[in-house]
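Next up, entry.pdb (PDB, C-alpha atoms and all ligand atoms):
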ATOM      1  CA  MET B   1       0.000   0.000   0.000
ATOM      2  CA  GLU B   2       1.473   3.316  -1.050
ATOM      3  CA  ILE B   3       1.546   5.999   1.634
ATOM      4  CA  ASP B   4      -0.188   9.198   0.482
ATOM      5  CA  GLY B   5      -2.005  12.222   1.902
ATOM      6  CA  LYS B   6      -4.978  10.086   2.967
ATOM      7  CA  THR B   7      -3.088   7.351   4.805
ATOM      8  CA  ARG B   8      -4.533   6.757   8.280
ATOM      9  CA  ILE B   9      -1.876   6.256  10.948
ATOM     10  CA  TYR B  10      -1.806   3.769  13.840
ATOM     11  CA  CYS B  11       1.129   3.147  16.157
ATOM     12  CA  ILE B  12       2.533   1.588  19.317
ATOM     13  CA  ILE B  13       4.254   3.554  22.066
ATOM     14  CA  GLY B  14       6.649   1.912  24.526
ATOM     15  CA  TYR B  15      10.169   2.015  25.918
ATOM     16  CA  PRO B  16      11.880   0.095  24.434
ATOM     17  CA  VAL B  17       9.659  -0.675  21.463
ATOM     18  CA  GLU B  18      12.004  -1.714  18.675
ATOM     19  CA  HIS B  19      11.377  -5.422  19.388
ATOM     20  CA  SER B  20       7.588  -5.077  18.977
ATOM     21  CA  LEU B  21       5.901  -7.437  16.513
ATOM     22  CA  SER B  22       2.783  -5.246  16.304
ATOM     23  CA  PRO B  23       3.910  -3.156  13.280
ATOM     24  CA  ALA B  24       4.544  -6.302  11.195
ATOM     25  CA  MET B  25       1.266  -7.849  12.369
ATOM     26  CA  HIS B  26      -0.991  -4.829  11.727
ATOM     27  CA  ASN B  27       0.662  -3.728   8.478
ATOM     28  CA  ALA B  28       0.213  -7.271   7.119
ATOM     29  CA  ALA B  29      -3.506  -7.043   8.014
ATOM     30  CA  PHE B  30      -3.858  -3.579   6.400
ATOM     31  CA  ARG B  31      -2.128  -4.808   3.213
ATOM     32  CA  SER B  32      -4.229  -7.930   3.044
ATOM     33  CA  LEU B  33      -7.470  -5.920   3.266
ATOM     34  CA  GLY B  34      -6.201  -3.184   0.897
ATOM     35  CA  LEU B  35      -6.637  -0.488   3.574
ATOM     36  CA  ASN B  36      -4.831   2.830   3.208
ATOM     37  CA  CYS B  37      -3.452   2.569   6.757
ATOM     38  CA  ALA B  38       0.045   2.321   8.233
ATOM     39  CA  TYR B  39       1.297   1.251  11.675
ATOM     40  CA  VAL B  40       4.579   2.491  13.152
ATOM     41  CA  ALA B  41       6.429   2.238  16.482
ATOM     42  CA  PHE B  42       7.472   5.195  18.661
ATOM     43  CA  ARG B  43      10.016   4.922  21.465
ATOM     44  CA  VAL B  44       8.575   7.197  24.164
ATOM     45  CA  SER B  45      10.285   7.773  27.515
ATOM     46  CA  LEU B  46       8.273   8.112  30.740
ATOM     47  CA  GLU B  47       8.981  11.863  30.918
ATOM     48  CA  ALA B  48       7.708  12.320  27.351
ATOM     49  CA  LEU B  49       4.508  10.263  27.695
ATOM     50  CA  GLY B  50       2.091  13.172  28.254
ATOM     51  CA  ASP B  51       3.526  15.201  25.373
ATOM     52  CA  ALA B  52       3.516  12.108  23.139
ATOM     53  CA  VAL B  53      -0.168  11.322  23.822
ATOM     54  CA  ARG B  54      -1.190  14.970  23.338
ATOM     55  CA  GLY B  55       0.846  14.970  20.122
ATOM     56  CA  LEU B  56      -0.835  11.827  18.790
ATOM     57  CA  LYS B  57      -4.213  13.397  19.586
ATOM     58  CA  ALA B  58      -3.315  16.689  17.912
ATOM     59  CA  LEU B  59      -2.085  14.871  14.803
ATOM     60  CA  GLY B  60      -5.316  12.917  14.553
ATOM     61  CA  VAL B  61      -3.674   9.502  14.780
ATOM     62  CA  GLU B  62      -6.584   7.036  14.558
ATOM     63  CA  GLY B  63      -5.472   4.639  17.272
ATOM     64  CA  PHE B  64      -2.503   3.267  19.108
ATOM     65  CA  ASN B  65      -1.253   0.429  21.277
ATOM     66  CA  VAL B  66       0.529   0.999  24.547
ATOM     67  CA  THR B  67       3.210  -1.304  25.901
ATOM     68  CA  ILE B  68       5.668  -1.490  28.803
ATOM     69  CA  PRO B  69       6.162   0.758  30.743
ATOM     70  CA  HIS B  70       3.196   3.013  29.870
ATOM     71  CA  LYS B  71       0.081   0.820  30.228
ATOM     72  CA  VAL B  72      -0.907   2.275  33.619
ATOM     73  CA  GLU B  73       0.406   5.833  33.344
ATOM     74  CA  VAL B  74      -1.234   6.435  29.942
ATOM     75  CA  MET B  75      -4.693   6.409  31.563
ATOM     76  CA  ARG B  76      -4.027   9.899  33.011
ATOM     77  CA  TYR B  77      -3.969  11.333  29.515
ATOM     78  CA  LEU B  78      -7.114   9.680  28.119
ATOM     79  CA  ASP B  79     -10.608  11.182  27.992
ATOM     80  CA  GLU B  80     -12.375   7.884  28.737
ATOM     81  CA  VAL B  81     -11.318   4.435  29.906
ATOM     82  CA  ASP B  82     -13.694   1.501  29.453
ATOM     83  CA  PRO B  83     -14.826  -0.342  32.614
ATOM     84  CA  VAL B  84     -12.822  -3.524  31.922
ATOM     85  CA  ALA B  85      -9.568  -1.605  31.443
ATOM     86  CA  LYS B  86     -10.387   0.457  34.537
ATOM     87  CA  ALA B  87     -10.850  -2.693  36.634
ATOM     88  CA  ILE B  88      -7.628  -4.194  35.259
ATOM     89  CA  GLY B  89      -5.875  -0.889  35.883
ATOM     90  CA  ALA B  90      -4.096  -0.833  32.528
ATOM     91  CA  VAL B  91      -4.753   0.211  28.928
ATOM     92  CA  ASN B  92      -3.107  -1.371  25.886
ATOM     93  CA  THR B  93      -5.345   0.056  23.150
ATOM     94  CA  VAL B  94      -6.418   3.646  22.493
ATOM     95  CA  LYS B  95      -8.912   4.785  19.883
ATOM     96  CA  ARG B  96      -9.506   8.348  18.748
ATOM     97  CA  VAL B  97     -13.220   9.127  18.801
ATOM     98  CA  GLY B  98     -13.666  12.615  17.332
ATOM     99  CA  LYS B  99     -11.475  14.824  19.498
ATOM    100  CA  LYS B 100     -11.331  12.352  22.383
ATOM    101  CA  LEU B 101      -9.130   9.389  23.218
ATOM    102  CA  HIS B 102     -10.796   6.232  24.573
ATOM    103  CA  GLY B 103      -8.763   3.504  26.328
ATOM    104  CA  TYR B 104      -9.328  -0.280  26.315
ATOM    105  CA  ASN B 105      -7.515  -3.429  27.391
ATOM    106  CA  THR B 106      -7.497  -6.341  24.936
ATOM    107  CA  ASP B 107      -4.856  -8.550  26.638
ATOM    108  CA  GLY B 108      -7.283 -10.588  28.756
ATOM    109  CA  ALA B 109      -9.758 -11.237  25.961
ATOM    110  CA  GLY B 110      -6.825 -12.101  23.678
ATOM    111  CA  ALA B 111      -5.591 -14.677  26.184
ATOM    112  CA  LEU B 112      -9.033 -16.279  26.528
ATOM    113  CA  THR B 113      -9.462 -16.509  22.763
ATOM    114  CA  ALA B 114      -5.996 -18.069  22.479
ATOM    115  CA  LEU B 115      -6.981 -20.718  25.047
ATOM    116  CA  THR B 116     -10.300 -21.593  23.420
ATOM    117  CA  GLU B 117      -8.731 -21.548  19.942
ATOM    118  CA  ALA B 118      -6.181 -24.093  21.209
ATOM    119  CA  GLY B 119      -9.070 -26.343  22.288
ATOM    120  CA  VAL B 120      -8.893 -25.667  26.028
ATOM    121  CA  THR B 121     -12.278 -26.212  27.665
ATOM    122  CA  LEU B 122     -13.450 -23.363  29.864
ATOM    123  CA  PRO B 123     -14.575 -22.882  32.556
ATOM    124  CA  ALA B 124     -11.611 -24.535  34.269
ATOM    125  CA  LYS B 125     -12.009 -25.894  37.787
ATOM    126  CA  LYS B 126      -8.806 -24.436  39.166
ATOM    127  CA  ALA B 127      -6.328 -22.093  37.483
ATOM    128  CA  VAL B 128      -2.955 -21.006  38.821
ATOM    129  CA  VAL B 129      -1.655 -17.729  37.385
ATOM    130  CA  MET B 130       2.020 -16.957  37.951
ATOM    131  CA  GLY B 131       2.668 -13.210  37.921
ATOM    132  CA  ALA B 132       0.776 -10.092  38.999
ATOM    133  CA  GLY B 133       2.038  -7.539  36.475
ATOM    134  CA  GLY B 134       0.053  -5.910  33.687
ATOM    135  CA  ALA B 135      -0.493  -9.063  31.626
ATOM    136  CA  ALA B 136      -1.328 -11.205  34.666
ATOM    137  CA  ARG B 137      -3.921  -8.662  35.830
ATOM    138  CA  ALA B 138      -5.627  -8.630  32.426
ATOM    139  CA  ILE B 139      -5.655 -12.438  32.264
ATOM    140  CA  ALA B 140      -6.887 -12.845  35.841
ATOM    141  CA  PHE B 141      -9.835 -10.488  35.238
ATOM    142  CA  ALA B 142     -10.742 -12.333  32.033
ATOM    143  CA  LEU B 143     -10.443 -15.697  33.806
ATOM    144  CA  ALA B 144     -12.596 -14.563  36.722
ATOM    145  CA  SER B 145     -15.735 -15.509  34.804
ATOM    146  CA  ASN B 146     -14.173 -18.673  33.359
ATOM    147  CA  VAL B 147     -12.796 -20.532  36.352
ATOM    148  CA  ARG B 148     -14.153 -21.642  39.727
ATOM    149  CA  ASP B 149     -10.964 -21.381  41.790
ATOM    150  CA  LEU B 150      -8.163 -18.920  40.956
ATOM    151  CA  VAL B 151      -4.738 -18.702  42.588
ATOM    152  CA  ILE B 152      -2.297 -15.854  41.953
ATOM    153  CA  LEU B 153       1.342 -16.652  42.695
ATOM    154  CA  ASN B 154       3.840 -13.823  42.500
ATOM    155  CA  ARG B 155       7.423 -13.157  43.545
ATOM    156  CA  THR B 156       6.295  -9.934  45.248
ATOM    157  CA  VAL B 157       3.446 -11.263  47.390
ATOM    158  CA  ALA B 158       1.903  -7.847  48.113
ATOM    159  CA  ARG B 159       1.389  -7.223  44.403
ATOM    160  CA  GLY B 160      -0.398 -10.568  44.040
ATOM    161  CA  ALA B 161      -2.530  -9.806  47.123
ATOM    162  CA  THR B 162      -3.602  -6.453  45.649
ATOM    163  CA  LEU B 163      -4.707  -8.238  42.488
ATOM    164  CA  ALA B 164      -6.609 -10.895  44.477
ATOM    165  CA  GLU B 165      -8.447  -8.164  46.424
ATOM    166  CA  ALA B 166      -9.409  -6.370  43.215
ATOM    167  CA  LEU B 167     -10.708  -9.659  41.764
ATOM    168  CA  LYS B 168     -12.786 -10.359  44.866
ATOM    169  CA  GLU B 169     -14.571  -7.047  44.417
ATOM    170  CA  HIS B 170     -15.178  -7.840  40.767
ATOM    171  CA  SER B 171     -16.313 -11.486  40.884
ATOM    172  CA  LYS B 172     -17.726 -14.200  43.106
ATOM    173  CA  ILE B 173     -15.075 -16.869  42.481
ATOM    174  CA  ALA B 174     -12.669 -18.205  45.094
ATOM    175  CA  VAL B 175      -9.408 -16.271  44.668
ATOM    176  CA  ARG B 176      -6.272 -16.070  46.755
ATOM    177  CA  ALA B 177      -2.669 -14.967  46.412
ATOM    178  CA  ALA B 178       0.570 -16.457  47.680
ATOM    179  CA  SER B 179       4.284 -16.432  47.102
ATOM    180  CA  LEU B 180       5.702 -17.969  43.933
ATOM    181  CA  ASN B 181       7.887 -20.682  45.445
ATOM    182  CA  ARG B 182       8.304 -24.433  45.289
ATOM    183  CA  THR B 183       6.370 -25.220  48.471
ATOM    184  CA  VAL B 184       3.308 -23.261  47.382
ATOM    185  CA  LEU B 185       3.532 -24.520  43.804
ATOM    186  CA  THR B 186       3.660 -28.131  45.031
ATOM    187  CA  GLU B 187       0.463 -27.611  46.994
ATOM    188  CA  GLU B 188      -1.454 -25.501  44.462
ATOM    189  CA  LEU B 189      -0.552 -27.489  41.341
ATOM    190  CA  ALA B 190      -1.731 -30.776  42.876
ATOM    191  CA  GLU B 191      -5.294 -30.015  41.796
ATOM    192  CA  ALA B 192      -4.907 -27.321  39.140
ATOM    193  CA  ASP B 193      -6.111 -28.022  35.624
ATOM    194  CA  LEU B 194      -4.733 -24.797  34.106
ATOM    195  CA  LEU B 195      -1.299 -23.247  34.761
ATOM    196  CA  ILE B 196      -0.483 -19.868  33.223
ATOM    197  CA  ASN B 197       2.914 -18.218  33.195
ATOM    198  CA  ALA B 198       2.377 -14.443  33.055
ATOM    199  CA  THR B 199       5.767 -13.579  34.551
ATOM    200  CA  SER B 200       8.686 -12.573  32.367
ATOM    201  CA  THR B 201      10.622 -15.648  33.509
ATOM    202  CA  GLY B 202      11.342 -17.712  30.432
ATOM    203  CA  MET B 203      11.586 -14.640  28.238
ATOM    204  CA  HIS B 204      14.931 -13.847  26.673
ATOM    205  CA  PRO B 205      17.361 -13.223  28.477
ATOM    206  CA  GLN B 206      15.837 -15.149  31.447
ATOM    207  CA  PRO B 207      15.620 -18.632  29.875
ATOM    208  CA  GLU B 208      14.796 -20.624  33.011
ATOM    209  CA  SER B 209      11.334 -22.026  33.825
ATOM    210  CA  PRO B 210       9.315 -20.557  36.714
ATOM    211  CA  VAL B 211       8.220 -24.110  37.701
ATOM    212  CA  ALA B 212      10.310 -27.216  38.386
ATOM    213  CA  SER B 213       9.295 -29.861  35.836
ATOM    214  CA  ASP B 214       8.532 -32.496  38.492
ATOM    215  CA  LEU B 215       5.611 -30.311  39.655
ATOM    216  CA  LEU B 216       3.838 -30.480  36.286
ATOM    217  CA  ARG B 217       1.208 -33.164  36.587
ATOM    218  CA  PRO B 218      -0.814 -35.174  34.039
ATOM    219  CA  GLY B 219      -3.997 -33.582  32.731
ATOM    220  CA  MET B 220      -2.834 -30.032  33.311
ATOM    221  CA  VAL B 221      -2.888 -27.442  30.489
ATOM    222  CA  VAL B 222       0.199 -25.199  30.484
ATOM    223  CA  PHE B 223      -0.127 -21.747  28.886
ATOM    224  CA  ASP B 224       3.023 -19.615  28.665
ATOM    225  CA  ILE B 225       2.297 -16.084  27.412
ATOM    226  CA  VAL B 226       6.002 -15.424  26.766
ATOM    227  CA  TYR B 227       6.561 -15.502  22.994
ATOM    228  CA  SER B 228      10.288 -14.776  22.760
ATOM    229  CA  PRO B 229      11.427 -17.528  22.581
ATOM    230  CA  LEU B 230       8.293 -19.188  21.273
ATOM    231  CA  GLU B 231       9.158 -22.489  22.912
ATOM    232  CA  THR B 232      10.087 -21.628  26.481
ATOM    233  CA  GLN B 233      11.718 -24.096  28.830
ATOM    234  CA  LEU B 234       8.386 -24.428  30.669
ATOM    235  CA  LEU B 235       6.553 -25.389  27.454
ATOM    236  CA  ARG B 236       9.345 -27.749  26.380
ATOM    237  CA  GLU B 237       9.210 -29.583  29.696
ATOM    238  CA  ALA B 238       5.398 -29.686  29.719
ATOM    239  CA  ARG B 239       5.354 -31.092  26.175
ATOM    240  CA  SER B 240       7.943 -33.710  27.024
ATOM    241  CA  LYS B 241       5.556 -34.902  29.761
ATOM    242  CA  GLY B 242       2.728 -35.146  27.255
ATOM    243  CA  LEU B 243       0.784 -32.152  28.602
ATOM    244  CA  LYS B 244      -1.324 -29.872  26.431
ATOM    245  CA  THR B 245       0.532 -26.586  25.909
ATOM    246  CA  VAL B 246      -0.398 -23.157  24.537
ATOM    247  CA  ASP B 247       2.308 -20.674  23.525
ATOM    248  CA  GLY B 248       2.203 -16.853  23.575
ATOM    249  CA  VAL B 249       1.572 -16.265  19.874
ATOM    250  CA  GLY B 250      -2.187 -16.820  20.050
ATOM    251  CA  MET B 251      -2.572 -14.194  22.774
ATOM    252  CA  LEU B 252      -0.370 -11.735  20.903
ATOM    253  CA  VAL B 253      -2.363 -12.178  17.702
ATOM    254  CA  HIS B 254      -5.795 -12.054  19.363
ATOM    255  CA  GLN B 255      -5.070  -9.014  21.542
ATOM    256  CA  GLY B 256      -3.938  -7.308  18.313
ATOM    257  CA  ALA B 257      -7.024  -8.529  16.469
ATOM    258  CA  ARG B 258      -9.268  -6.998  19.164
ATOM    259  CA  SER B 259      -7.403  -3.686  18.894
ATOM    260  CA  PHE B 260      -7.903  -3.802  15.123
ATOM    261  CA  GLU B 261     -11.644  -4.403  15.575
ATOM    262  CA  ILE B 262     -11.934  -1.550  18.080
ATOM    263  CA  TRP B 263     -10.174   0.827  15.690
ATOM    264  CA  LEU B 264     -11.704  -0.182  12.367
ATOM    265  CA  GLY B 265     -14.976  -1.854  13.349
ATOM    266  CA  LYS B 266     -14.203  -4.872  11.187
ATOM    267  CA  LYS B 267     -12.758  -8.353  11.645
ATOM    268  CA  PRO B 268      -9.055  -8.573  10.794
ATOM    269  CA  PRO B 269      -7.474 -11.462   8.867
ATOM    270  CA  ILE B 270      -6.244 -13.520  11.838
ATOM    271  CA  ASP B 271      -4.198 -15.970   9.768
ATOM    272  CA  VAL B 272      -2.368 -13.148   7.988
ATOM    273  CA  MET B 273      -1.524 -11.569  11.350
ATOM    274  CA  ARG B 274      -0.362 -14.876  12.801
ATOM    275  CA  HIS B 275       1.795 -15.578   9.748
ATOM    276  CA  ALA B 276       3.453 -12.136  10.038
ATOM    277  CA  VAL B 277       4.261 -12.791  13.719
ATOM    278  CA  LEU B 278       5.587 -16.310  13.132
ATOM    279  CA  GLU B 279       7.731 -15.066  10.262
ATOM    280  CA  ARG B 280       9.301 -12.479  12.583
ATOM    281  CA  LEU B 281       9.885 -15.185  15.185
ATOM    282  CA  GLY B 282      11.648 -17.309  12.575
ATOM    283  CA  ARG B 283       8.797 -19.845  12.353
ATOM    284  CA  GLY B 284       7.053 -18.580   9.216
TER     285      GLY B 284
HETATM  286  P1  LIG G   1       5.245  -6.644  34.087
HETATM  287  O1  LIG G   1       4.024  -5.830  34.355
HETATM  288  O2  LIG G   1       6.578  -6.019  34.163
HETATM  289  O3  LIG G   1       5.200  -7.883  35.138
HETATM  290  C1  LIG G   1       6.274  -8.800  35.214
HETATM  291  C2  LIG G   1       5.872  -9.987  36.084
HETATM  292  O4  LIG G   1       6.935 -10.953  36.046
HETATM  293  C3  LIG G   1       5.678  -9.620  37.558
HETATM  294  O5  LIG G   1       4.696 -10.478  38.109
HETATM  295  C4  LIG G   1       7.063  -9.914  38.152
HETATM  296  O6  LIG G   1       7.037 -10.210  39.530
HETATM  297  C5  LIG G   1       7.410 -11.172  37.379
HETATM  298  N1  LIG G   1       8.855 -11.438  37.320
HETATM  299  C6  LIG G   1       9.784 -10.742  36.626
HETATM  300  N2  LIG G   1      11.016 -11.296  36.806
HETATM  301  C7  LIG G   1      10.818 -12.368  37.638
HETATM  302  C8  LIG G   1      11.703 -13.339  38.204
HETATM  303  N3  LIG G   1      13.010 -13.332  37.927
HETATM  304  N4  LIG G   1      11.167 -14.286  38.990
HETATM  305  C9  LIG G   1       9.840 -14.318  39.263
HETATM  306  N5  LIG G   1       8.952 -13.419  38.767
HETATM  307  C10 LIG G   1       9.448 -12.453  37.958
HETATM  308  O7  LIG G   1       5.181  -7.344  32.652
HETATM  309  P2  LIG G   1       3.883  -7.829  31.827
HETATM  310  O8  LIG G   1       3.459  -6.790  30.890
HETATM  311  O9  LIG G   1       2.889  -8.372  32.781
HETATM  312  O10 LIG G   1       4.543  -9.004  30.934
HETATM  313  C11 LIG G   1       4.945 -10.225  31.499
HETATM  314  C12 LIG G   1       5.393 -11.172  30.374
HETATM  315  O11 LIG G   1       4.289 -11.445  29.524
HETATM  316  C13 LIG G   1       6.488 -10.615  29.472
HETATM  317  O12 LIG G   1       7.369 -11.673  29.151
HETATM  318  C14 LIG G   1       5.742 -10.168  28.235
HETATM  319  O13 LIG G   1       6.534 -10.232  27.051
HETATM  320  C15 LIG G   1       4.633 -11.201  28.165
HETATM  321  N6  LIG G   1       3.434 -10.711  27.483
HETATM  322  C16 LIG G   1       2.932 -11.452  26.457
HETATM  323  C17 LIG G   1       1.797 -11.023  25.807
HETATM  324  C18 LIG G   1       1.243 -11.819  24.659
HETATM  325  O14 LIG G   1       0.425 -11.277  23.934
HETATM  326  N7  LIG G   1       1.647 -13.058  24.474
HETATM  327  C19 LIG G   1       1.140  -9.842  26.198
HETATM  328  C20 LIG G   1       1.673  -9.113  27.279
HETATM  329  C21 LIG G   1       2.826  -9.564  27.909
HETATM  330  P3  LIG G   1       7.195  -9.017  40.620
HETATM  331  O15 LIG G   1       5.830  -8.414  40.776
HETATM  332  O16 LIG G   1       7.672  -9.729  41.814
HETATM  333  O17 LIG G   1       8.204  -8.045  40.058
END
Render the structure in this file as structure tokens.
Ligand code: NAP
Amino acid sequence: MEIDGKTRIYCIIGYPVEHSLSPAMHNAAFRSLGLNCAYVAFRVSLEALGDAVRGLKALGVEGFNVTIPHKVEVMRYLDEVDPVAKAIGAVNTVKRVGKKLHGYNTDGAGALTALTEAGVTLPAKKAVVMGAGGAARAIAFALASNVRDLVILNRTVARGATLAEALKEHSKIAVRAASLNRTVLTEELAEADLLINATSTGMHPQPESPVASDLLRPGMVVFDIVYSPLETQLLREARSKGLKTVDGVGMLVHQGARSFEIWLGKKPPIDVMRHAVLERLGRG
């Protein structure tokens, strides 16, 4: 698609942002649908965030994604934040509506779609979510209506406890938080049917698994949202034990697909987006 005076601009802001797969994914979708749209990445420091958001608004950029470390802070600069994103406490998608900017969070819905697309039956009886950062919060809120018993395990226990309290206000399921350590994992994984890694452990350059492989038990589904590398040590060990595994690509693609739908009001070509991501990850 040739860029001209009518090209509509979308972007991602983050720091760093050069590694982002979103430009490849969204530009592939725009090309495939013949849309006169382009998606670029902007490296925006924390100090520059307010100016950057005001600038995007002034320029009439149609929509943008927000990544680490701006997902929470960006909310200060938006005119409206939808209730789901407000409950999660983070925004990853912004749409310009006239002269206003509206914020959304598509990470949780993207994760749920990735699970169901991979054939995982929901609701699960008991899910263990490792992590309490931005992605874990989005996933936990989405899971709250798709699981009966939810356990949040995090290195920083207080952060996990804050998330558990927020979930209790939001849903009626049994939810608790504890420390991410071997003793707790041994106890909590004994009856879990879904284990989700939403920590950055396993992501390059932290290649280790957050769970010792002897704690993975038969019948459990293991979902690792880390997508770089695509096959994390956790997934490799789970697969070698014959467990069903779900990698991070599905979530990445489906959170992007939801952003696309919010911006353009139409369904994106999921397979085209997935192919663009896998190609970038060397699996195309
Ligand atoms: P974040 O807000 O910075 O949270 C990081 C989480 O990882 C926190 O729970 C943190 O625990 C934990 N953690 C970090 N280093 C750890 C270590 N050495 N041992 C134990 N726990 C550790 O990041 P995020 O946005 O939630 O992202 C988390 C991961 O998900 C990243 O790898 C990211 O690439 C991936 N992600 C994937 C998708 C997707 O679409 N597939 C979407 C979003 C994010 P503390 O609270 O104790 O610091």
Set the distance at 8 Å and use all atoms listed in the file: which residues neighbour range 158-174 of chain B once local chain neighbours fewer than 4 positions away are removed? I'd like the list as a PyMOL selection string.
chain B and resi 87+131-133+137+140-141+144-145+147-150+152-154+178
Nearest to Tyr10 in chain B: which of B:Leu59, B:Ala136, B:Leu194, B:Leu78 is it, counting only C-alpha atoms?
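Closest to Tyr10 in chain B of all the choices is B:Leu59.
Nearest to Ser20 in chain B of all the residues B:Thr156, B:Val40, B:Lys241, B:Val211 is B:Val40, based on all atoms listed in the file.
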Build an axis-aligned box that encloses every atom of ligand LIG 1 (chain G) listed in the file, pad it by 6 Å on each side, and report its centre and edge lengths in Å to one decimal, as JSON.
{"center_x": 6.7, "center_y": -10.1, "center_z": 32.9, "size_x": 24.6, "size_y": 20.5, "size_z": 29.9}
Picked residues, the PyMOL selection byres (((chain B and resi 139) around 12) and not hetatm), expected as a count of residues only:
50
I'd like the neighbourhood of range 236-238 of chain B as an NGL selection string, where a residue qualifies if any of its atoms comes within 12 Å (using all atoms listed in the file), though same-chain residues fewer than 2 positions away should be ignored.
:B and (195-196 or 202 or 207-224 or 229-234 or 240-247)
Choose the residue, out of B:Ile3, B:Ala38, B:Leu122, B:Val277, that has the smallest atom-to-atom separation from ligand LIG 1 (chain G); count only C-alpha atoms and all ligand atoms.
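Residue with the minimum atom-to-atom distance to ligand LIG 1 (chain G): B:Val277.
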Output the residue selection produced by the PyMOL selection byres (((chain B and resi 53-55) around 12) and not hetatm) on the file above, formatted as a PyMOL selection string.
chain B and resi 11-14+42+44-52+56-61+63-66+70+73-79+94-96+99-103
For the residues in that selection, give me C-alpha atoms as an mmCIF file, in the coordinates of the input.
data_model
loop_
_atom_site.group_PDB
_atom_site.id
_atom_site.type_symbol
_atom_site.label_atom_id
_atom_site.label_comp_id
_atom_site.auth_asym_id
_atom_site.auth_seq_id
_atom_site.Cartn_x
_atom_site.Cartn_y
_atom_site.Cartn_z
ATOM 1 C CA CYS B 11 1.129 3.147 16.157
ATOM 2 C CA ILE B 12 2.533 1.588 19.317
ATOM 3 C CA ILE B 13 4.254 3.554 22.066
ATOM 4 C CA GLY B 14 6.649 1.912 24.526
ATOM 5 C CA PHE B 42 7.472 5.195 18.661
ATOM 6 C CA VAL B 44 8.575 7.197 24.164
ATOM 7 C CA SER B 45 10.285 7.773 27.515
ATOM 8 C CA LEU B 46 8.273 8.112 30.740
ATOM 9 C CA GLU B 47 8.981 11.863 30.918
ATOM 10 C CA ALA B 48 7.708 12.320 27.351
ATOM 11 C CA LEU B 49 4.508 10.263 27.695
ATOM 12 C CA GLY B 50 2.091 13.172 28.254
ATOM 13 C CA ASP B 51 3.526 15.201 25.373
ATOM 14 C CA ALA B 52 3.516 12.108 23.139
ATOM 15 C CA LEU B 56 -0.835 11.827 18.790
ATOM 16 C CA LYS B 57 -4.213 13.397 19.586
ATOM 17 C CA ALA B 58 -3.315 16.689 17.912
ATOM 18 C CA LEU B 59 -2.085 14.871 14.803
ATOM 19 C CA GLY B 60 -5.316 12.917 14.553
ATOM 20 C CA VAL B 61 -3.674 9.502 14.780
ATOM 21 C CA GLY B 63 -5.472 4.639 17.272
ATOM 22 C CA PHE B 64 -2.503 3.267 19.108
ATOM 23 C CA ASN B 65 -1.253 0.429 21.277
ATOM 24 C CA VAL B 66 0.529 0.999 24.547
ATOM 25 C CA HIS B 70 3.196 3.013 29.870
ATOM 26 C CA GLU B 73 0.406 5.833 33.344
ATOM 27 C CA VAL B 74 -1.234 6.435 29.942
ATOM 28 C CA MET B 75 -4.693 6.409 31.563
ATOM 29 C CA ARG B 76 -4.027 9.899 33.011
ATOM 30 C CA TYR B 77 -3.969 11.333 29.515
ATOM 31 C CA LEU B 78 -7.114 9.680 28.119
ATOM 32 C CA ASP B 79 -10.608 11.182 27.992
ATOM 33 C CA VAL B 94 -6.418 3.646 22.493
ATOM 34 C CA LYS B 95 -8.912 4.785 19.883
ATOM 35 C CA ARG B 96 -9.506 8.348 18.748
ATOM 36 C CA LYS B 99 -11.475 14.824 19.498
ATOM 37 C CA LYS B 100 -11.331 12.352 22.383
ATOM 38 C CA LEU B 101 -9.130 9.389 23.218
ATOM 39 C CA HIS B 102 -10.796 6.232 24.573
ATOM 40 C CA GLY B 103 -8.763 3.504 26.328
#
